[in-house]
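Asker: Dropping a structure here in structure tokens format, bear with me for questions.
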Amino acid sequence: MNFPVVEFPFIGNGMIIAIVAIIHVLVSHGVAIGATTVMVSLEYVGLKKENKGLLSVAKNISKWVLIITTTLGALTGVGIWFSTTVIQPDSIGSLLRIFFWAWFVEWLVFITEVVLLIIYYYTWDKWQGAKRIIHNRIGMALVFFSWFTAAIITGILAAKLTPGKWTETLSFWNAFFNPTYLPSLAFRTFIAIVLAIALLSVFIKFFVKDKQVQADVFSVFGKLNLVALPLLLLTGVWYLFKIPEQAYDLVVWSTGMTKEIFTVVNITGLLIFVVFGLWMLLKPKTVSLLLTIAIFFSSIGFIAEFEMVRESVRKPFIIYDYMYANGVLEKNAKKFNEEGYLANSTFTKIKEVTEDNMYEAGEELYKGQCLACHTIEGFRKSRAFAHRIDGWTEEALDGYIEQLHEARPFMPPFVGTDEERKALAHYLATTVNEVNGNEKVAKGGE
């Protein structure tokens with residue numbers, strides 16, 4: 001451990017990051033990129049056809065894009081920085097060293113995006129006549145800068161799964177333009193548009209009372225969806241073909257579903273989106289309220305699944321082929337096995353295992369090598385040791401820890417000496433038995 005450890009014992013450290021990330025993706029993709037694109041498209045069609053209803057809807061959307069982007073979007077953006085820096089400092093430290101200037105440029109682009117959004121909203125009623133065309137052009141610039149922030153961040157996120165030649169060259173450009181950069185960016189672009197349509201449609205049904213305006217809006221939505229949905233599927237397949245084979249094999253596992261349930265859920269979700277898209281395109285005047293509600297929640301579920309899969313398929317790494325999920329550099333594994341993990345950790349109170357400090361040393365090892373993904377107790381039984389290893393003896397745990405990365409390839413290998421491994425097994429067995437109220441603890445179950 002090179003940094004102090006923070007623990008969220010019941011929820012789990014990973015879940016904290018996941019919650020913040022899902023909310024942020026819904027805002028950054030669905031609102032900042034997608035809703036902005038839809039809003040400017042509605043304005044463009046409204047100006048071209050002199051349709052005041054479309055212009056009114058576009059104006060109302062602009063108000064909420066401004067409010068949500070500059071509040072919830074900004075807060076969750078900072079929230080991701082804060083949560084990941086506290087929970088995964090080794091990972092964030094490495095990414096900052098690689099992508100410092102990319103992040104700096106992204107900040108400038110985001111500021112430009114906000115300025116354009118403010119101009120766009122506050123000049124809506126002031127610019128009339130020929131200036132309406134200029135207003136729409138500013139909207140198009142806003143769409144570009146909103147997308148450009150994602151274009152920069154995608155290079156950083158994609159590099160965590162496919163750093164490509166960076167592990168050999170340590171070149172910024174190799175890291176940024178990594179093997180999944182283009183498919184990931186394309187996929188996220190079309191996700192944003194489809195997501196925005198899914199999120200906005202239910203509000204159109206509830207709050208736009210004029211049925212003709214509703215129909216006009218859904219007609220525009222249908223045409224946008226006709227382009228975005230097929231391209232979303234194509235770029236999604238492209239992305240899957242570019243990720244490592246080991247990561248591909250973890251896609252279904254990462255959702256927590258069986259293969260059969262995963263197939264049924266995702267095919268059903270896709271069919272709902274296809275039916276919704278065709279309905280908007282062919283019969284915009286009769287779009288079903290129940291269908292818009294189903295699409296609204298399906299889209300949120302899809303984003304949650306996507307984020308869960310994106311994060312989980314990297315295991316056992318957090319930066320592929322470079323850093324394990326618990327922050328241990330792959331290149332340091334042999335060194336730690338020979339010299340000891342505790343001896344090479346900055347923020348550990350114990351540097352060497354003795355018979356008198358087995359429990360305390362084991363706790364330090366748990367914090368350094370297990371805490372990133374696991375809890376002792378917690379609502380996620382698959383990650384909670386109190387559920388997973390209830391009744392295990394120290395000997396059983398010791399043997400399992402030694403070969404866990406072979407039995408479960410998505411688990412990082414334990415790094416450290418034999419004594420440290422035994423200390424971890426002692427801590428886990430003792431703690432889990434205490435939590436579960438087992439009287440027979442430890443060795444051999446005697």
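Residues are referred to by chain and number: the chain letter is A, B, ... according to the order shown in the structure tokens, the number counts from 1 in that chain, and ligands are numbered separately from 1 in the order shown.
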Show which residues sit within 12 Å of segment 353-356 of chain A, as a count of residues only. Count only C-alpha atoms, and ignore same-chain residues fewer than 4 positions away.

Answerer: 22

Asker: Residues at most 9 Å from Thr69 of chain A, counting only C-alpha atoms, excluding those fewer than 5 positions away in the same chain, as a JSON list (two decimals) with N, CA, C and O atoms, in the first residue's frame?

Answerer:
[["chain", "number", "residue", "atom", "x", "y", "z"],
["A", 27, "VAL", "N", -25.59, 11.36, -17.29],
["A", 27, "VAL", "CA", -25.59, 12.81, -17.53],
["A", 27, "VAL", "C", -24.66, 13.17, -18.69],
["A", 27, "VAL", "O", -25.06, 13.91, -19.61],
["A", 28, "SER", "N", -23.42, 12.68, -18.65],
["A", 28, "SER", "CA", -22.45, 13.09, -19.66],
["A", 28, "SER", "C", -22.82, 12.59, -21.06],
["A", 28, "SER", "O", -22.64, 13.30, -22.05],
["A", 31, "VAL", "N", -27.30, 13.40, -21.47],
["A", 31, "VAL", "CA", -27.70, 14.82, -21.45],
["A", 31, "VAL", "C", -26.70, 15.68, -22.21],
["A", 31, "VAL", "O", -27.06, 16.34, -23.19],
["A", 32, "ALA", "N", -25.44, 15.70, -21.74],
["A", 32, "ALA", "CA", -24.46, 16.64, -22.31],
["A", 32, "ALA", "C", -24.21, 16.39, -23.80],
["A", 32, "ALA", "O", -24.09, 17.34, -24.58],
["A", 64, "TRP", "N", -33.02, 22.48, -19.27],
["A", 64, "TRP", "CA", -32.66, 21.36, -18.42],
["A", 64, "TRP", "C", -31.27, 20.82, -18.72],
["A", 64, "TRP", "O", -30.59, 20.33, -17.82],
["A", 74, "ALA", "N", -21.45, 18.23, -13.30],
["A", 74, "ALA", "CA", -20.19, 18.72, -12.72],
["A", 74, "ALA", "C", -19.90, 18.04, -11.38],
["A", 74, "ALA", "O", -18.76, 17.66, -11.10],
["A", 114, "VAL", "N", -19.37, 24.66, -21.59],
["A", 114, "VAL", "CA", -20.28, 25.36, -20.67],
["A", 114, "VAL", "C", -20.55, 26.78, -21.15],
["A", 114, "VAL", "O", -21.70, 27.25, -21.10]]

Asker: Please provide as a ChimeraX atom specification all residues within 12 Å of Met1 of chain A, with the sequence filter that same-chain residues fewer than 5 positions apart are discarded (counting only C-alpha atoms).

Answerer: /A:6,87-90,326-329,336,341-351,364-372

Asker: Using only C-alpha atoms, which protein or nucleic acid residues come within 8 Å of segment 210-220 of chain A? Drop anything in the same chain fewer than 2 positions from it, and give the result as a PyMOL selection string.

Answerer: chain A and resi 41-42+53-54+201+204-205+208+222-224+280-281+284-287

Asker: Taking the chain letters and numbering used in this document, name the residues of segment 213-397 of chain A that DSSP puts in helix (DSSP H, G or I), as a PyMOL selection string.

Answerer: chain A and resi 213-242+245-248+251-255+259-282+284-286+289-312+330-339+342-344+358-369+385-388+394-397

Asker: In Å, how far is it from atom CA of Asn225 of chain A to atom CA of Ser312 of chain A?

Answerer: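 Atom CA of Ser312 of chain A lies at a distance of 29.0 Å from atom CA of Asn225 of chain A.
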
Asker: Would you pick out the contacts of Ile197 of chain A at 8 Å or less, using only C-alpha atoms, so that residues sharing its chain but fewer than 6 positions from it are not included, and give the list as a ChimeraX atom specification?

Answerer: /A:34-35,38,221,225

Asker: Could you write out that same residue set with all heavy atoms as a compact mmCIF listing (two decimals), in the first residue's frame?

Answerer:
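Output (selection-v4.txt):
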# COMPACT_ATOMS: atom_id res chain seq x y z
N GLY A 34 -25.96 13.54 -25.85
CA GLY A 34 -27.16 13.10 -26.53
C GLY A 34 -28.27 14.12 -26.57
O GLY A 34 -28.79 14.46 -27.65
N ALA A 35 -28.68 14.63 -25.41
CA ALA A 35 -29.79 15.59 -25.37
C ALA A 35 -29.42 16.88 -26.10
O ALA A 35 -30.28 17.52 -26.71
CB ALA A 35 -30.18 15.89 -23.92
N VAL A 38 -29.92 16.13 -29.77
CA VAL A 38 -31.36 16.10 -30.05
C VAL A 38 -31.95 17.51 -30.03
O VAL A 38 -32.72 17.89 -30.92
CB VAL A 38 -32.08 15.19 -29.02
CG1 VAL A 38 -33.60 15.35 -29.13
CG2 VAL A 38 -31.68 13.74 -29.21
N PHE A 221 -37.21 12.28 -33.54
CA PHE A 221 -36.56 11.23 -32.74
C PHE A 221 -36.40 9.95 -33.56
O PHE A 221 -35.36 9.29 -33.52
CB PHE A 221 -37.37 10.93 -31.49
CG PHE A 221 -37.24 11.93 -30.39
CD1 PHE A 221 -36.54 13.11 -30.56
CD2 PHE A 221 -37.82 11.70 -29.14
CE1 PHE A 221 -36.42 14.04 -29.54
CE2 PHE A 221 -37.70 12.62 -28.11
CZ PHE A 221 -37.01 13.79 -28.30
N ASN A 225 -32.98 8.08 -34.45
CA ASN A 225 -32.82 6.72 -33.95
C ASN A 225 -32.55 5.73 -35.08
O ASN A 225 -31.82 4.75 -34.90
CB ASN A 225 -34.07 6.31 -33.18
CG ASN A 225 -33.86 5.08 -32.33
OD1 ASN A 225 -33.19 5.13 -31.30
ND2 ASN A 225 -34.44 3.95 -32.75

Asker: Here is a test: counting only C-alpha atoms, which residue of A:Ala150, A:Ala175, A:Leu66, A:Ile319 is nearest to Trp107 of chain A?

Answerer: A:Ala150

Asker: Atom CA of Leu72 of chain A to atom CA of Gly30 of chain A: how many Å, to one decimal?

Answerer: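 Straight-line distance from atom CA of Leu72 of chain A to atom CA of Gly30 of chain A works out to 12.5 Å.
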
Asker: Interatomic distance between atom CA of Phe207 of chain A and atom CA of Asn60 of chain A?

Answerer: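 Going from atom CA of Phe207 of chain A over to atom CA of Asn60 of chain A, I get 10.6 Å.
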
Asker: Can you tell me, as a list of chain:residue names, what residues are no more than 10 Å from Leu95 of chain A when counting only C-alpha atoms, ignoring any on the same chain fewer than 6 positions away?

Answerer: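 My reading of the contact set: A:Pro89, A:Trp103, A:Ile156, A:Leu157, A:Ala159, A:Lys160, A:Ile319.
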
Asker: Dump C-alpha atoms for the selected residues as a PDB file, in the first residue's frame?

Answerer:
ATOM      1  CA  PRO A  89      -4.970   6.106  -5.754  1.00  0.00           C
ATOM      2  CA  TRP A 103      -6.963  15.797 -18.891  1.00  0.00           C
ATOM      3  CA  ILE A 156      -7.989   7.461 -21.222  1.00  0.00           C
ATOM      4  CA  LEU A 157     -10.710   4.960 -20.336  1.00  0.00           C
ATOM      5  CA  ALA A 159      -6.311   2.578 -22.458  1.00  0.00           C
ATOM      6  CA  LYS A 160      -7.136   0.934 -19.122  1.00  0.00           C
ATOM      7  CA  ILE A 319      -4.758  -1.164 -16.118  1.00  0.00           C
TER       8      ILE A 319
END

Asker: With the cut-off set at 8 Å and counting only C-alpha atoms, tabulate each residue of segment 301-336 of chain A with an atom at most that distance from an atom of segment 246-270 of chain A, showing the nearest atom pair and its distance in Å to one decimal, ordered by chain and increasing number, as a Markdown table.

Answerer:
| residue | atom | partner | partner_atom | distance |
| --- | --- | --- | --- | --- |
| A:Glu305 | CA | A:Thr255 | CA | 6.6 |
| A:Met308 | CA | A:Thr255 | CA | 6.7 |
| A:Val309 | CA | A:Ser254 | CA | 5.4 |
| A:Ser312 | CA | A:Ser254 | CA | 5.6 |
| A:Val313 | CA | A:Ala247 | CA | 4.7 |
| A:Arg314 | CA | A:Ala247 | CA | 6.0 |
| A:Lys315 | CA | A:Ala247 | CA | 7.6 |

Asker: May I have the residues from that selection written out with N, CA, C and O atoms, as a JSON list (two decimals), in the first residue's frame?

Answerer:
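This is the output file result-v8.json:
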[["chain", "number", "residue", "atom", "x", "y", "z"],
["A", 305, "GLU", "N", -25.50, -1.82, -16.83],
["A", 305, "GLU", "CA", -24.86, -3.06, -17.27],
["A", 305, "GLU", "C", -23.57, -2.76, -18.02],
["A", 305, "GLU", "O", -22.53, -3.41, -17.80],
["A", 308, "MET", "N", -20.85, -1.73, -15.63],
["A", 308, "MET", "CA", -20.43, -2.89, -14.84],
["A", 308, "MET", "C", -19.52, -3.79, -15.67],
["A", 308, "MET", "O", -18.46, -4.24, -15.20],
["A", 309, "VAL", "N", -19.91, -4.02, -16.92],
["A", 309, "VAL", "CA", -19.12, -4.88, -17.79],
["A", 309, "VAL", "C", -17.78, -4.22, -18.10],
["A", 309, "VAL", "O", -16.72, -4.86, -18.03],
["A", 312, "SER", "N", -15.50, -4.53, -15.12],
["A", 312, "SER", "CA", -15.20, -5.88, -14.64],
["A", 312, "SER", "C", -14.37, -6.70, -15.60],
["A", 312, "SER", "O", -13.60, -7.56, -15.16],
["A", 313, "VAL", "N", -14.51, -6.48, -16.92],
["A", 313, "VAL", "CA", -13.80, -7.34, -17.86],
["A", 313, "VAL", "C", -12.29, -7.09, -17.85],
["A", 313, "VAL", "O", -11.53, -7.87, -18.43],
["A", 314, "ARG", "N", -11.85, -6.01, -17.18],
["A", 314, "ARG", "CA", -10.41, -5.77, -17.08],
["A", 314, "ARG", "C", -9.74, -6.71, -16.08],
["A", 314, "ARG", "O", -8.51, -6.83, -16.08],
["A", 315, "LYS", "N", -10.51, -7.32, -15.21],
["A", 315, "LYS", "CA", -9.92, -8.15, -14.17],
["A", 315, "LYS", "C", -9.09, -9.27, -14.79],
["A", 315, "LYS", "O", -9.46, -9.80, -15.84]]

Asker: Using only C-alpha atoms, determine which residues lie at most 9 Å from Val25 of chain A, disregarding the query and same-chain residues fewer than 4 positions distant; provide the list as an NGL selection string.

Answerer: :A and (20-21 or 29-30 or 73 or 303 or 307)

Asker: Select, from A:Leu142, A:Leu55, A:Met323, A:Val105, the residue with the minimum atom-to-atom distance to Ile119 of chain A, counting only C-alpha atoms.

Answerer: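 For Ile119 of chain A, the nearest of the candidates is A:Leu142.
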
Asker: Where does DSSP see strand (DSSP E or B) in segment 187-359 of chain A, if you list the residues as a PyMOL selection string?

Answerer: chain A and resi 317-319+323-324+329

Asker: Please write the residues from the selection above to a file, keeping N, CA, C and O atoms, as a short mmCIF file (atom, residue, chain, number, x, y, z; two decimals), in the first residue's frame.

Answerer:
data_model
loop_
_atom_site.label_atom_id
_atom_site.label_comp_id
_atom_site.auth_asym_id
_atom_site.auth_seq_id
_atom_site.Cartn_x
_atom_site.Cartn_y
_atom_site.Cartn_z
N PHE A 317 -6.82 -7.11 -13.88
CA PHE A 317 -6.11 -5.84 -13.91
C PHE A 317 -7.06 -4.66 -13.71
O PHE A 317 -8.26 -4.77 -13.94
N ILE A 318 -6.48 -3.52 -13.33
CA ILE A 318 -7.22 -2.26 -13.41
C ILE A 318 -6.67 -1.45 -14.57
O ILE A 318 -7.38 -0.68 -15.20
N ILE A 319 -5.37 -1.63 -14.87
CA ILE A 319 -4.76 -1.16 -16.12
C ILE A 319 -4.13 -2.40 -16.75
O ILE A 319 -3.18 -2.97 -16.20
N MET A 323 -1.13 -3.06 -14.13
CA MET A 323 -1.46 -2.93 -12.71
C MET A 323 -2.67 -3.79 -12.37
O MET A 323 -3.71 -3.70 -13.03
N TYR A 324 -2.52 -4.62 -11.33
CA TYR A 324 -3.63 -5.46 -10.90
C TYR A 324 -4.73 -4.62 -10.25
O TYR A 324 -4.52 -3.45 -9.88
N LEU A 329 1.58 -3.43 -9.01
CA LEU A 329 2.14 -3.49 -10.36
C LEU A 329 2.53 -4.92 -10.69
O LEU A 329 3.15 -5.61 -9.88
#

Asker: Hey, which of A:Asn13, A:Thr70, A:Asn178, A:Thr292 ends up closest to Phe203 of chain A? Count only C-alpha atoms.

Answerer: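 The shortest atom-to-atom distance to Phe203 of chain A comes from A:Thr292.
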